[in-house]
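See below for the structure under consideration.
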Amino acid sequence: MLNFALRTPTTLRDPAALPRMALTALALLLLWPGLRLSELDLTVFFQDASGSAMGSFLSAFWPPAHQPEFLQLLVRATLETLAIATAGIALALLLAIPASLLVSRALSLSALTRGGRPVWWAQLLRWPVRSGLIVLRSVPEIVWALLFVRAVGLGPTAGVLAIAITYSGMLGKVYGEIFESVDPGPNRALLLAGSSRLAAFCYGVLPNAAAEIVSYTVYRWECAIRASVIMGFVGAGGLGQQIDLSIRMFAGGEVASMLLTFLLLVLLADGLSRWLRERLT
Amino acid sequence: MNPHGLRLSQISLTHGNGQLALRAIDLQVNPGERLAIIGPSGAGKTTLLRLLATGLQPSSGQYELFGVAAWALSARQRQRLRARIGLIHQAPPLPPRQRVVTTVLAGKLGQWSLPKSLLSLLHPVDPAGAAAALGRLDLADKLFERCDQLSGGQLQRVGIARVLYQAPELILADEPVSAMDPVLAGHTLSVLNQDAINRGATLLASLHAVDLALAYFPRIIGVREGRILFDRPANAVGQPELDALYANAQLQVSVPETAATAPLNLRYPQC
């Protein structure tokens, strides 16, 4: 007979209950000052004046513009937006992939025999890369765009550079975290069999991380499309520049057509992401 | 004395949580020797094997492998040393979506150049070699299947095939046949032993099944509470040693009447 009675805990109270409740209470407490500071006031929608102003602006949206010349312009602007987003992400990957490999603990050899914790000086060396990524992504892309519009002039180049810089920071950080979050077992087994770190990464980490990496990258590409539209407002080309022009000319129909195009682009990105995820999982 | 074997002198190891896992272990193994490590659960068999694989650094003591002190090497040299060690895991950590052929070929990553390793991801560079290793374990038909389509026992054999393909000078096996039926377990152990004999490699395997250890390995080490209790040839291991090894004060097993008439080993864990 097994003496399991000896191992029964003396008390059945969950030791994690108190910290959890304290954290929940803290989150709720912080929500209130947040609402006050952001001056959120939903009653503004129900005041007559602002309601009718929005209504008249929106009513001009129908019917969406569909003159042949305009459609030609629209197609050109859409392609330009897609090109800005894609080129920006591609450039960002050039920086993000090496940075994520440097910043991630997944490739640490010293962590192998120390229960997953690298030695202190290796952790110290990761800090410059980590802070570099923080600097890259903490400045909003619109600020980079304004900067580059002054440096390289109006046009898509400024948009591409702005996206490349901000998104390399985001992609590098998240890639590094994904590499750390997947099962470290296969990677460690390969390192223990004498494999080089990059090879062990490709054979041990990548198969488990691929689906998440791809899905996040496609999501960021979708965000880059949105960002390139916003940057168009400051003269970085693409759909945004056209929307800006149309809004200034009170051409609601044109704005509507461009928003519909935009919706299609996001749908496309969503479908692509889902298809790739299904292929990879 | 044993220029290319392995030697542990006064090895102790304390885990991160303060638990003393190995106490003052002394062990000498000559090249080409084949050992089974037996002992109750939690005795430190896995810890000992991971230490031998240089996956754990001893808290004190000296570990010499192939004539060099493993922990005096630089990280780069230690990676080269590790390429000569093959560790078989009880539950091999394999990416579920990886194909069996890639998994087996990964055994040679320590010997291949980086370009060759990366090329092999696009197109397997040596499918014949992987198929041969799998074929010895009766798994050749699984070459292009994904790891998540295999059963536990099949995965264990894929892990063994990887180490066969790696062809290391020191094979360490942690419960290599725990998920297999008795016939398959015997076959797999004889494949491992034959591989070690043919290549002159050293083989250390921890086993739960005492009868398999006695049947397949010439030298037996009994480990209990982080110490080596006995270290002797298989034919010199008798009932008193096994009784001392598996004696348990906490678990009072009430032995059924029929067990008294059963053969010698039945009271000890079998596969």
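Letters A, B, ... go to the chains of the structure tokens in the order shown; residues in each chain start at 1; ligands are counted from 1 in the same order.
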_I want to know what sits within 8 Å of Gln156 in chain B, based on only C-alpha atoms, with residues of the same chain fewer than 4 positions away left out; could you give that as a PyMOL selection string?_
chain B and resi 89-92+152+160+176-177+179
*Just need the residues of chain A within 8 Å of chain B, counting only C-alpha atoms, so spit them out as a count of residues only.*
28
*asked:* What's around Leu125 in chain A at 12 Å? Count only C-alpha atoms, leave out sequence neighbours fewer than 3 positions away in its own chain, and write the answer as a list in words.
replied: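 Surrounding residues, per the criterion: Leu102, Val103, Ser104, Arg105, Ser108, Pro118, Val119, Trp120, Trp121, Ala122, Pro128, Val129, Arg130, Ser131 and Gly132 of chain A.
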*Find, counting only C-alpha atoms, the residue in B:Ala201, B:Leu52, B:Leu143, B:Leu6 that gets nearest to Ala131 in chain B.*
B:Leu143
*Exercise: Phe262 in chain A partners within 9 Å, only C-alpha atoms, chain neighbours under 5 positions left out, as a PyMOL selection string*: chain A and resi 78+225-226+239+257+267
Residues as selected, C-alpha atoms, written as a PDB file, in the first residue's frame, can you do that?
```
ATOM      1  CA  THR A  78      -2.972  50.975 -54.662  1.00  0.00           C
ATOM      2  CA  ILE A 225      -0.196  48.970 -45.633  1.00  0.00           C
ATOM      3  CA  ARG A 226      -2.207  51.022 -43.138  1.00  0.00           C
ATOM      4  CA  LEU A 239      -3.205  55.714 -51.476  1.00  0.00           C
ATOM      5  CA  SER A 257     -13.806  54.101 -53.298  1.00  0.00           C
ATOM      6  CA  LEU A 267      -9.125  41.146 -46.519  1.00  0.00           C
TER       7      LEU A 267
END
```
*asked:* Using only C-alpha atoms for the distances, tell me which of A:Gly169, A:Pro156, A:Pro184, A:Gly271 is nearest to Gly237 in chain A.
replied: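 Comparing A:Gly169, A:Pro156, A:Pro184, A:Gly271 against Gly237 in chain A, the winner is A:Pro156.
Atom pair CA of Asp195 in chain B / CA of Ala215 in chain B has a distance of 16.7 Å (rounded to one decimal).
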